[in-house]
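Engineer: Have a peek at final-v5.cif (mmCIF, C-alpha atoms, pLDDT in the B column; chains and numbers go by the auth columns).
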data_model
loop_
_atom_site.group_PDB
_atom_site.id
_atom_site.type_symbol
_atom_site.label_atom_id
_atom_site.label_comp_id
_atom_site.label_asym_id
_atom_site.label_seq_id
_atom_site.Cartn_x
_atom_site.Cartn_y
_atom_site.Cartn_z
_atom_site.B_iso_or_equiv
_atom_site.auth_seq_id
_atom_site.auth_asym_id
ATOM 1 C CA MET A 1 14.977 5.605 -3.376 89.00 56 N
ATOM 2 C CA ARG A 2 12.739 4.494 -0.540 92.00 57 N
ATOM 3 C CA ALA A 3 10.268 1.595 -0.355 95.00 58 N
ATOM 4 C CA LEU A 4 7.453 1.010 2.136 96.00 59 N
ATOM 5 C CA ILE A 5 6.736 -2.697 2.664 97.00 60 N
ATOM 6 C CA VAL A 6 3.130 -3.641 3.427 97.00 61 N
ATOM 7 C CA ASP A 7 2.194 -7.225 4.323 97.00 62 N
ATOM 8 C CA ASP A 8 0.225 -8.763 7.177 96.00 63 N
ATOM 9 C CA GLU A 9 2.829 -11.525 7.601 95.00 64 N
ATOM 10 C CA ALA A 10 6.022 -10.529 9.415 96.00 65 N
ATOM 11 C CA PRO A 11 8.237 -13.146 7.663 95.00 66 N
ATOM 12 C CA ALA A 12 7.135 -11.817 4.261 95.00 67 N
ATOM 13 C CA ARG A 13 7.972 -8.247 5.316 96.00 68 N
ATOM 14 C CA SER A 14 11.373 -9.324 6.586 96.00 69 N
ATOM 15 C CA ARG A 15 12.184 -11.166 3.365 95.00 70 N
ATOM 16 C CA LEU A 16 11.205 -8.184 1.202 96.00 71 N
ATOM 17 C CA ALA A 17 13.233 -5.878 3.457 96.00 72 N
ATOM 18 C CA ARG A 18 16.344 -7.997 2.941 96.00 73 N
ATOM 19 C CA LEU A 19 15.814 -7.973 -0.828 96.00 74 N
ATOM 20 C CA VAL A 20 15.321 -4.214 -0.940 95.00 75 N
ATOM 21 C CA ASP A 21 18.376 -3.552 1.239 94.00 76 N
ATOM 22 C CA ALA A 22 20.488 -5.660 -1.120 94.00 77 N
ATOM 23 C CA LEU A 23 19.712 -3.361 -4.077 93.00 78 N
ATOM 24 C CA ASP A 24 21.957 -0.415 -4.840 91.00 79 N
ATOM 25 C CA GLY A 25 20.219 2.919 -4.345 88.00 80 N
ATOM 26 C CA TRP A 26 17.267 1.483 -2.402 93.00 81 N
ATOM 27 C CA GLU A 27 16.381 1.494 1.282 94.00 82 N
ATOM 28 C CA VAL A 28 13.403 0.389 3.377 96.00 83 N
ATOM 29 C CA ALA A 29 11.430 3.452 4.484 95.00 84 N
ATOM 30 C CA GLY A 30 9.190 1.470 6.813 96.00 85 N
ATOM 31 C CA GLU A 31 6.888 -1.507 7.240 97.00 86 N
ATOM 32 C CA ALA A 32 3.130 -1.827 7.717 97.00 87 N
ATOM 33 C CA ALA A 33 0.870 -4.782 8.521 97.00 88 N
ATOM 34 C CA ASP A 34 -2.267 -3.649 6.662 96.00 89 N
ATOM 35 C CA GLY A 35 -3.681 -0.965 4.402 95.00 90 N
ATOM 36 C CA LEU A 36 -4.729 1.400 7.183 95.00 91 N
ATOM 37 C CA ASP A 37 -1.258 1.327 8.726 95.00 92 N
ATOM 38 C CA ALA A 38 0.259 1.827 5.273 95.00 93 N
ATOM 39 C CA LEU A 39 -1.756 4.988 4.602 94.00 94 N
ATOM 40 C CA ALA A 40 -0.679 6.450 7.925 91.00 95 N
ATOM 41 C CA GLN A 41 2.964 5.654 7.264 93.00 96 N
ATOM 42 C CA VAL A 42 2.998 7.042 3.722 91.00 97 N
ATOM 43 C CA SER A 43 2.356 10.505 5.118 83.00 98 N
ATOM 44 C CA ALA A 44 5.154 10.076 7.650 86.00 99 N
ATOM 45 C CA VAL A 45 7.941 8.415 5.628 90.00 100 N
ATOM 46 C CA ASN A 46 7.135 9.638 2.087 88.00 101 N
ATOM 47 C CA PRO A 47 8.224 6.500 0.158 92.00 102 N
ATOM 48 C CA ASP A 48 8.913 6.435 -3.582 89.00 103 N
ATOM 49 C CA VAL A 49 7.369 2.961 -3.934 92.00 104 N
ATOM 50 C CA VAL A 50 4.909 0.917 -1.879 93.00 105 N
ATOM 51 C CA LEU A 51 5.278 -2.869 -2.051 94.00 106 N
ATOM 52 C CA LEU A 52 1.673 -3.727 -1.290 92.00 107 N
ATOM 53 C CA ASP A 53 0.223 -7.106 -0.381 92.00 108 N
ATOM 54 C CA VAL A 54 -3.235 -7.734 -1.863 87.00 109 N
ATOM 55 C CA ARG A 55 -5.040 -9.685 0.849 89.00 110 N
ATOM 56 C CA MET A 56 -4.791 -8.172 4.330 93.00 111 N
ATOM 57 C CA PRO A 57 -7.121 -7.605 7.312 94.00 112 N
ATOM 58 C CA ARG A 58 -8.805 -4.257 8.104 93.00 113 N
ATOM 59 C CA MET A 59 -7.994 -2.805 4.659 94.00 114 N
ATOM 60 C CA ASP A 60 -6.739 -4.815 1.682 89.00 115 N
ATOM 61 C CA GLY A 61 -4.206 -3.723 -0.911 87.00 116 N
ATOM 62 C CA MET A 62 -6.761 -2.850 -3.583 84.00 117 N
ATOM 63 C CA GLU A 63 -8.536 -0.312 -1.395 87.00 118 N
ATOM 64 C CA ALA A 64 -5.285 1.078 -0.002 89.00 119 N
ATOM 65 C CA ALA A 65 -3.991 1.643 -3.539 86.00 120 N
ATOM 66 C CA ARG A 66 -7.132 3.570 -4.462 84.00 121 N
ATOM 67 C CA HIS A 67 -6.617 5.888 -1.508 88.00 122 N
ATOM 68 C CA LEU A 68 -2.933 6.322 -2.309 87.00 123 N
ATOM 69 C CA ALA A 69 -3.857 7.413 -5.822 81.00 124 N
ATOM 70 C CA ALA A 70 -5.786 10.333 -4.322 78.00 125 N
ATOM 71 C CA LEU A 71 -2.609 11.892 -2.953 82.00 126 N
ATOM 72 C CA GLU A 72 -1.223 14.882 -4.816 76.00 127 N
ATOM 73 C CA THR A 73 2.125 13.106 -5.277 78.00 128 N
ATOM 74 C CA PRO A 74 1.342 9.410 -4.742 83.00 129 N
ATOM 75 C CA PRO A 75 4.081 6.785 -4.550 87.00 130 N
ATOM 76 C CA ALA A 76 4.343 4.073 -7.170 87.00 131 N
ATOM 77 C CA VAL A 77 2.501 0.887 -6.208 88.00 132 N
ATOM 78 C CA ILE A 78 3.733 -2.649 -6.808 89.00 133 N
ATOM 79 C CA PHE A 79 1.367 -5.386 -5.703 88.00 134 N
ATOM 80 C CA THR A 80 2.751 -8.524 -4.096 89.00 135 N
ATOM 81 C CA THR A 81 0.419 -11.506 -4.180 84.00 136 N
ATOM 82 C CA ALA A 82 0.144 -15.263 -3.852 83.00 137 N
ATOM 83 C CA TYR A 83 -2.437 -15.466 -6.679 71.00 138 N
ATOM 84 C CA ASP A 84 -1.719 -18.049 -9.344 64.00 139 N
ATOM 85 C CA GLU A 85 -0.724 -17.001 -12.871 55.00 140 N
ATOM 86 C CA TYR A 86 -4.298 -17.070 -14.178 45.00 141 N
ATOM 87 C CA ALA A 87 -5.503 -14.596 -11.566 54.00 142 N
ATOM 88 C CA LEU A 88 -2.374 -12.509 -12.097 55.00 143 N
ATOM 89 C CA ALA A 89 -3.337 -12.056 -15.736 53.00 144 N
ATOM 90 C CA ALA A 90 -6.179 -9.827 -14.533 47.00 145 N
ATOM 91 C CA PHE A 91 -3.689 -7.511 -12.858 55.00 146 N
ATOM 92 C CA ASP A 92 -1.462 -7.508 -15.924 50.00 147 N
ATOM 93 C CA THR A 93 -4.396 -6.547 -18.144 38.00 148 N
ATOM 94 C CA HIS A 94 -4.731 -3.277 -16.262 43.00 149 N
ATOM 95 C CA ALA A 95 -0.969 -2.560 -16.377 35.00 150 N
ATOM 96 C CA VAL A 96 -0.483 -2.542 -12.604 54.00 151 N
ATOM 97 C CA ALA A 97 2.891 -3.925 -11.533 71.00 152 N
ATOM 98 C CA TYR A 98 2.799 -7.137 -9.486 79.00 153 N
ATOM 99 C CA LEU A 99 5.178 -9.669 -7.976 86.00 154 N
ATOM 100 C CA LEU A 100 4.292 -13.290 -7.289 85.00 155 N
ATOM 101 C CA LYS A 101 5.153 -14.599 -3.835 88.00 156 N
ATOM 102 C CA PRO A 102 7.690 -15.749 -2.826 90.00 157 N
ATOM 103 C CA VAL A 103 9.261 -12.670 -4.413 91.00 158 N
ATOM 104 C CA ARG A 104 12.521 -13.241 -6.267 92.00 159 N
ATOM 105 C CA GLY A 105 15.311 -10.709 -6.011 93.00 160 N
ATOM 106 C CA ASP A 106 15.764 -10.278 -9.775 91.00 161 N
ATOM 107 C CA ARG A 107 12.054 -9.686 -10.330 89.00 162 N
ATOM 108 C CA LEU A 108 11.898 -7.205 -7.485 91.00 163 N
ATOM 109 C CA ALA A 109 14.828 -5.296 -8.982 90.00 164 N
ATOM 110 C CA ALA A 110 13.162 -5.198 -12.397 87.00 165 N
ATOM 111 C CA ALA A 111 9.799 -4.123 -10.953 86.00 166 N
ATOM 112 C CA LEU A 112 11.358 -1.317 -8.935 86.00 167 N
ATOM 113 C CA GLN A 113 13.296 -0.133 -11.968 80.00 168 N
ATOM 114 C CA HIS A 114 10.175 0.071 -14.088 73.00 169 N
ATOM 115 C CA ALA A 115 7.706 1.011 -11.357 72.00 170 N
ATOM 116 C CA CYS A 116 5.075 3.431 -12.529 55.00 171 N
ATOM 117 C CA ARG A 117 2.152 4.997 -10.748 53.00 172 N
ATOM 118 C CA PRO A 118 -1.179 3.263 -11.514 56.00 173 N
ATOM 119 C CA SER A 119 -3.885 5.640 -12.662 50.00 174 N
ATOM 120 C CA ARG A 120 -7.194 6.030 -10.827 52.00 175 N
ATOM 121 C CA ALA A 121 -8.926 4.457 -13.820 49.00 176 N
ATOM 122 C CA GLN A 122 -6.694 1.380 -13.597 53.00 177 N
ATOM 123 C CA LEU A 123 -7.270 1.052 -9.873 56.00 178 N
ATOM 124 C CA GLY A 124 -10.988 1.512 -10.413 56.00 179 N
ATOM 125 C CA ALA A 125 -10.947 -1.295 -12.974 54.00 180 N
ATOM 126 C CA LEU A 126 -9.172 -3.554 -10.495 54.00 181 N
ATOM 127 C CA ASN A 127 -11.817 -2.732 -7.922 54.00 182 N
ATOM 128 C CA ALA A 128 -14.728 -3.309 -10.310 53.00 183 N
ATOM 129 C CA GLY A 129 -17.474 -5.208 -8.592 48.00 184 N
ATOM 130 C CA GLY A 130 -16.146 -4.352 -5.133 61.00 185 N
ATOM 131 C CA ARG A 131 -16.728 -1.448 -2.805 77.00 186 N
ATOM 132 C CA ARG A 132 -14.587 0.471 -0.380 86.00 187 N
ATOM 133 C CA GLN A 133 -14.848 0.091 3.367 91.00 188 N
ATOM 134 C CA HIS A 134 -13.366 3.560 3.945 92.00 189 N
ATOM 135 C CA LEU A 135 -13.625 6.996 2.372 92.00 190 N
ATOM 136 C CA ALA A 136 -10.575 9.215 2.057 87.00 191 N
ATOM 137 C CA ALA A 137 -9.970 12.919 1.592 86.00 192 N
ATOM 138 C CA ARG A 138 -6.598 14.516 0.962 78.00 193 N
ATOM 139 C CA ILE A 139 -5.515 17.204 3.394 76.00 194 N
ATOM 140 C CA GLY A 140 -2.178 18.402 2.051 72.00 195 N
ATOM 141 C CA GLU A 141 -0.110 15.229 1.786 68.00 196 N
ATOM 142 C CA ARG A 142 -2.151 13.492 4.478 75.00 197 N
ATOM 143 C CA LEU A 143 -5.196 11.289 4.044 81.00 198 N
ATOM 144 C CA GLN A 144 -8.180 11.536 6.385 88.00 199 N
ATOM 145 C CA LEU A 145 -10.088 8.257 6.510 90.00 200 N
ATOM 146 C CA VAL A 146 -13.664 7.586 7.622 93.00 201 N
ATOM 147 C CA PRO A 147 -15.302 4.125 7.623 94.00 202 N
ATOM 148 C CA VAL A 148 -18.257 4.006 5.218 96.00 203 N
ATOM 149 C CA ALA A 149 -20.313 2.350 7.964 95.00 204 N
ATOM 150 C CA ARG A 150 -20.166 5.594 9.980 96.00 205 N
ATOM 151 C CA VAL A 151 -21.443 7.812 7.166 97.00 206 N
ATOM 152 C CA ARG A 152 -25.082 8.893 7.486 98.00 207 N
ATOM 153 C CA ALA A 153 -25.463 10.947 4.297 98.00 208 N
ATOM 154 C CA PHE A 154 -23.740 12.210 1.161 97.00 209 N
ATOM 155 C CA SER A 155 -24.684 15.757 0.145 96.00 210 N
ATOM 156 C CA ALA A 156 -23.636 17.443 -3.100 94.00 211 N
ATOM 157 C CA ASP A 157 -22.265 20.943 -2.555 82.00 212 N
ATOM 158 C CA ASN A 158 -21.202 22.756 -5.734 79.00 213 N
ATOM 159 C CA LYS A 159 -18.241 20.793 -7.156 82.00 214 N
ATOM 160 C CA TYR A 160 -17.830 18.533 -4.140 89.00 215 N
ATOM 161 C CA VAL A 161 -19.719 15.960 -2.104 95.00 216 N
ATOM 162 C CA VAL A 162 -19.751 16.105 1.683 95.00 217 N
ATOM 163 C CA ALA A 163 -19.958 12.861 3.662 97.00 218 N
ATOM 164 C CA ARG A 164 -21.741 13.544 6.962 96.00 219 N
ATOM 165 C CA TYR A 165 -21.117 11.360 9.998 97.00 220 N
ATOM 166 C CA PRO A 166 -21.910 11.801 13.717 96.00 221 N
ATOM 167 C CA ASP A 167 -18.846 13.801 14.707 89.00 222 N
ATOM 168 C CA GLY A 168 -17.842 15.532 11.505 92.00 223 N
ATOM 169 C CA GLU A 169 -17.793 15.889 7.740 94.00 224 N
ATOM 170 C CA LEU A 170 -15.482 14.763 4.957 93.00 225 N
ATOM 171 C CA VAL A 171 -15.204 16.576 1.620 92.00 226 N
ATOM 172 C CA LEU A 172 -14.887 14.091 -1.252 91.00 227 N
ATOM 173 C CA SER A 173 -13.811 14.488 -4.866 84.00 228 N
ATOM 174 C CA GLU A 174 -16.223 11.829 -6.200 86.00 229 N
ATOM 175 C CA THR A 175 -19.573 12.760 -7.702 91.00 230 N
ATOM 176 C CA LEU A 176 -22.861 11.868 -6.046 94.00 231 N
ATOM 177 C CA LYS A 177 -23.663 9.599 -8.993 93.00 232 N
ATOM 178 C CA GLU A 178 -20.417 7.665 -8.549 90.00 233 N
ATOM 179 C CA LEU A 179 -21.101 7.195 -4.842 94.00 234 N
ATOM 180 C CA GLU A 180 -24.685 6.150 -5.536 94.00 235 N
ATOM 181 C CA GLN A 181 -23.469 3.462 -7.932 91.00 236 N
ATOM 182 C CA GLU A 182 -20.755 2.185 -5.601 91.00 237 N
ATOM 183 C CA PHE A 183 -22.923 2.073 -2.471 94.00 238 N
ATOM 184 C CA ALA A 184 -26.288 1.250 -4.040 91.00 239 N
ATOM 185 C CA ASP A 185 -26.879 -1.545 -1.520 89.00 240 N
ATOM 186 C CA THR A 186 -26.594 0.723 1.532 92.00 241 N
ATOM 187 C CA PHE A 187 -27.531 4.259 0.435 95.00 242 N
ATOM 188 C CA ILE A 188 -30.741 5.568 -1.152 95.00 243 N
ATOM 189 C CA ARG A 189 -31.339 8.872 -2.930 95.00 244 N
ATOM 190 C CA VAL A 190 -33.792 11.158 -1.149 96.00 245 N
ATOM 191 C CA HIS A 191 -33.082 14.356 -3.057 95.00 246 N
ATOM 192 C CA ARG A 192 -31.256 15.243 -6.264 94.00 247 N
ATOM 193 C CA ASN A 193 -28.395 16.417 -4.024 95.00 248 N
ATOM 194 C CA THR A 194 -28.553 13.828 -1.228 97.00 249 N
ATOM 195 C CA LEU A 195 -28.090 10.133 -0.451 97.00 250 N
ATOM 196 C CA VAL A 196 -28.791 8.684 3.002 97.00 251 N
ATOM 197 C CA ALA A 197 -27.650 5.483 4.699 96.00 252 N
ATOM 198 C CA VAL A 198 -30.790 3.360 4.963 93.00 253 N
ATOM 199 C CA GLU A 199 -29.714 1.500 8.107 93.00 254 N
ATOM 200 C CA HIS A 200 -29.387 4.799 9.993 95.00 255 N
ATOM 201 C CA VAL A 201 -32.844 6.165 9.137 95.00 256 N
ATOM 202 C CA GLU A 202 -34.756 6.720 12.392 94.00 257 N
ATOM 203 C CA SER A 203 -37.922 8.409 11.115 93.00 258 N
ATOM 204 C CA PHE A 204 -39.532 9.924 8.045 94.00 259 N
ATOM 205 C CA ASP A 205 -42.422 12.427 8.166 92.00 260 N
ATOM 206 C CA GLY A 206 -42.957 12.707 4.434 88.00 261 N
ATOM 207 C CA GLU A 207 -40.738 15.755 3.964 93.00 262 N
ATOM 208 C CA ARG A 208 -37.689 15.132 6.128 95.00 263 N
ATOM 209 C CA VAL A 209 -35.771 12.111 7.305 95.00 264 N
ATOM 210 C CA THR A 210 -34.035 11.857 10.684 96.00 265 N
ATOM 211 C CA LEU A 211 -30.711 10.035 10.796 96.00 266 N
ATOM 212 C CA ALA A 212 -29.084 8.478 13.866 96.00 267 N
ATOM 213 C CA GLY A 213 -26.305 10.658 15.226 95.00 268 N
ATOM 214 C CA ILE A 214 -27.157 13.675 13.029 94.00 269 N
ATOM 215 C CA ASP A 215 -29.019 16.582 14.660 93.00 270 N
ATOM 216 C CA THR A 216 -30.352 18.254 11.499 93.00 271 N
ATOM 217 C CA PRO A 217 -33.045 16.352 9.534 95.00 272 N
ATOM 218 C CA VAL A 218 -32.418 15.797 5.823 96.00 273 N
ATOM 219 C CA GLU A 219 -34.873 17.171 3.273 96.00 274 N
ATOM 220 C CA VAL A 220 -36.637 14.616 1.067 96.00 275 N
ATOM 221 C CA SER A 221 -37.948 15.759 -2.287 95.00 276 N
ATOM 222 C CA ARG A 222 -41.492 14.943 -3.382 91.00 277 N
ATOM 223 C CA ARG A 223 -40.067 12.986 -6.284 90.00 278 N
ATOM 224 C CA HIS A 224 -38.149 10.613 -3.983 92.00 279 N
ATOM 225 C CA SER A 225 -40.518 10.479 -1.012 91.00 280 N
ATOM 226 C CA VAL A 226 -42.701 7.704 -2.456 89.00 281 N
ATOM 227 C CA ALA A 227 -39.726 5.448 -3.158 86.00 282 N
ATOM 228 C CA LEU A 228 -38.271 6.087 0.310 89.00 283 N
ATOM 229 C CA ARG A 229 -41.581 5.376 2.065 88.00 284 N
ATOM 230 C CA LYS A 230 -41.986 2.160 0.072 84.00 285 N
ATOM 231 C CA PHE A 231 -38.456 1.100 0.917 83.00 286 N
ATOM 232 C CA LEU A 232 -38.872 1.783 4.644 84.00 287 N
ATOM 233 C CA ARG A 233 -42.123 -0.197 4.762 81.00 288 N
ATOM 234 C CA GLY A 234 -40.326 -3.159 3.215 72.00 289 N
ATOM 235 C CA ARG A 235 -37.472 -3.222 5.709 67.00 290 N
#
Now that the file is in, can you turn its structure into structure tokens?

Structural biologist:
Amino acid sequence: MRALIVDDEAPARSRLARLVDALDGWEVAGEAADGLDALAQVSAVNPDVVLLDVRMPRMDGMEAARHLAALETPPAVIFTTAYDEYALAAFDTHAVAYLLKPVRGDRLAAALQHACRPSRAQLGALNAGGRRQHLAARIGERLQLVPVARVRAFSADNKYVVARYPDGELVLSETLKELEQEFADTFIRVHRNTLVAVEHVESFDGERVTLAGIDTPVEVSRRHSVALRKFLRGR
């Protein structure tokens, strides 16, 4: 069995690596310093378990775990954290495995033995109140990531939603309603099938809105045009 160790502190990674190597039947598949690096390595080393720190720069463990859950065959996730026991109770409520730092060898062994894959619902509950900084789409066993800040619009297309950004598109499995709820502070609905990033709106002629970095204007329905015009005047 193979474990990927993810922590932004090198001494913590080294300690976990020694503990994993000391267990029969386990080996270290690789190490990563943050969530973005972890997602890239998962595709390359195919670990059975990811030992995932919670607080890290660029992408934290909560968001990384959500993206991992989108894989067709995701690894099990065990969170490692320095939270006190009261904060840890929140993790335990949602049945996601965790280890309190500094990690003890016996607890690591027990967690690895009983590791189970957290469901998307559990990870969503852990992320309640927060929002992702990246969007992910599965391409085979690889994840393609795009920062939310680069997205100009979300457009519903049959069963999928397409995130449009200046140099491409990303097909998502979420619904437009789910995205609208998660990114309500940065995206506004302009059509029953479309959300646009308000900070990237360049102009609005009453029927179409022009977005920075996107050549084709986005249609605005009559129903949503009044709300959009009012919002833009208040910026």

Engineer: Evaluated on this file, the PyMOL selection byres ((chain N and resi 189) around 12) picks out some residues - which ones are they, written as a ChimeraX atom specification?

Structural biologist: /N:90-91,94,113-115,117-119,121-122,186-188,190-192,198-206,218,225,227,238

Engineer: For the structure provided, state which residues fall under the PyMOL selection byres ((chain N and resi 61-76) around 9), and present them as a ChimeraX atom specification.

Structural biologist: /N:58-60,77-83,85-90,92-93,105-112,116,135,156-160,163-164

Engineer: Counting all atoms listed in the file, find residues at most 12 Å from (-34.9, 16.5, 2.9) (file frame) and give them as JSON, numbers by chain.

Structural biologist: {"N": [208, 210, 244, 245, 246, 247, 248, 249, 250, 251, 258, 259, 260, 261, 262, 263, 264, 265, 266, 271, 272, 273, 274, 275, 276, 277, 278, 279, 280, 283]}

Engineer: Apply the PyMOL selection byres ((chain N and resi 222) around 10) to the file shown and report the selected residues as number ranges by chain.

Structural biologist: N: 205-206, 219-221, 223-224, 268-269

Engineer: For a test of reading the model, state the distance in Å between atom CA of N:Val97 and atom CA of N:Leu234, rounded to one decimal.

Structural biologist: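 Atom-to-atom, atom CA of N:Val97 to atom CA of N:Leu234, that is 25.6 Å.
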
Engineer: Please tell me which residues are no farther than 8 Å from (-26.5, 1.9, 1.4) in the file, counting all atoms listed in the file, and write them as a list in words.

Structural biologist: Phe238, Ala239, Asp240, Thr241, Phe242, Ile243, Val251, Ala252, Val253 and Glu254 of chain N

Engineer: Output C-alpha atoms for every residue in the selection just made, as a short mmCIF file (atom, residue, chain, number, x, y, z; two decimals), in the coordinates of the input.

Structural biologist:
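Result written to again-v9.cif:
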data_model
loop_
_atom_site.label_atom_id
_atom_site.label_comp_id
_atom_site.auth_asym_id
_atom_site.auth_seq_id
_atom_site.Cartn_x
_atom_site.Cartn_y
_atom_site.Cartn_z
CA PHE N 238 -22.92 2.07 -2.47
CA ALA N 239 -26.29 1.25 -4.04
CA ASP N 240 -26.88 -1.54 -1.52
CA THR N 241 -26.59 0.72 1.53
CA PHE N 242 -27.53 4.26 0.44
CA ILE N 243 -30.74 5.57 -1.15
CA VAL N 251 -28.79 8.68 3.00
CA ALA N 252 -27.65 5.48 4.70
CA VAL N 253 -30.79 3.36 4.96
CA GLU N 254 -29.71 1.50 8.11
#

Engineer: Could you please fill out stretch 99-106 of chain N with all heavy atoms and send it back as a short mmCIF file (atom, residue, chain, number, x, y, z; two decimals), in the frame of the given file?

Structural biologist:
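And here's part.cif as it stands now:
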data_model
loop_
_atom_site.label_atom_id
_atom_site.label_comp_id
_atom_site.auth_asym_id
_atom_site.auth_seq_id
_atom_site.Cartn_x
_atom_site.Cartn_y
_atom_site.Cartn_z
N ALA N 99 4.03 9.84 6.75
CA ALA N 99 5.15 10.08 7.65
C ALA N 99 6.51 9.84 6.99
O ALA N 99 7.45 10.61 7.21
CB ALA N 99 5.02 9.19 8.89
N VAL N 100 6.62 8.79 6.16
CA VAL N 100 7.94 8.41 5.63
C VAL N 100 8.14 8.79 4.17
O VAL N 100 9.25 8.72 3.65
CB VAL N 100 8.19 6.91 5.83
CG1 VAL N 100 8.06 6.53 7.29
CG2 VAL N 100 7.24 6.06 4.98
N ASN N 101 7.04 9.16 3.47
CA ASN N 101 7.14 9.64 2.09
C ASN N 101 7.94 8.70 1.19
O ASN N 101 8.96 9.08 0.61
CB ASN N 101 7.75 11.04 2.06
CG ASN N 101 7.59 11.70 0.71
OD1 ASN N 101 6.64 11.44 -0.02
ND2 ASN N 101 8.53 12.56 0.35
N PRO N 102 7.48 7.45 0.99
CA PRO N 102 8.22 6.50 0.16
C PRO N 102 8.06 6.79 -1.33
O PRO N 102 7.09 7.42 -1.75
CB PRO N 102 7.58 5.16 0.51
CG PRO N 102 6.16 5.52 0.81
CD PRO N 102 6.24 6.86 1.52
N ASP N 103 9.02 6.33 -2.13
CA ASP N 103 8.91 6.44 -3.58
C ASP N 103 8.05 5.31 -4.14
O ASP N 103 7.35 5.49 -5.14
CB ASP N 103 10.30 6.37 -4.22
CG ASP N 103 11.20 7.50 -3.74
OD1 ASP N 103 10.93 8.64 -4.14
OD2 ASP N 103 12.13 7.23 -2.96
N VAL N 104 8.11 4.14 -3.49
CA VAL N 104 7.37 2.96 -3.93
C VAL N 104 6.75 2.28 -2.72
O VAL N 104 7.36 2.23 -1.65
CB VAL N 104 8.29 1.97 -4.68
CG1 VAL N 104 7.58 0.65 -4.96
CG2 VAL N 104 8.80 2.56 -5.98
N VAL N 105 5.54 1.74 -2.91
CA VAL N 105 4.91 0.92 -1.88
C VAL N 105 4.79 -0.50 -2.42
O VAL N 105 4.17 -0.72 -3.46
CB VAL N 105 3.52 1.45 -1.50
CG1 VAL N 105 2.86 0.52 -0.47
CG2 VAL N 105 3.61 2.86 -0.94
N LEU N 106 5.42 -1.45 -1.73
CA LEU N 106 5.28 -2.87 -2.05
C LEU N 106 4.09 -3.36 -1.25
O LEU N 106 4.16 -3.50 -0.04
CB LEU N 106 6.55 -3.63 -1.69
CG LEU N 106 7.80 -3.22 -2.47
CD1 LEU N 106 9.04 -3.87 -1.88
CD2 LEU N 106 7.65 -3.58 -3.94
#
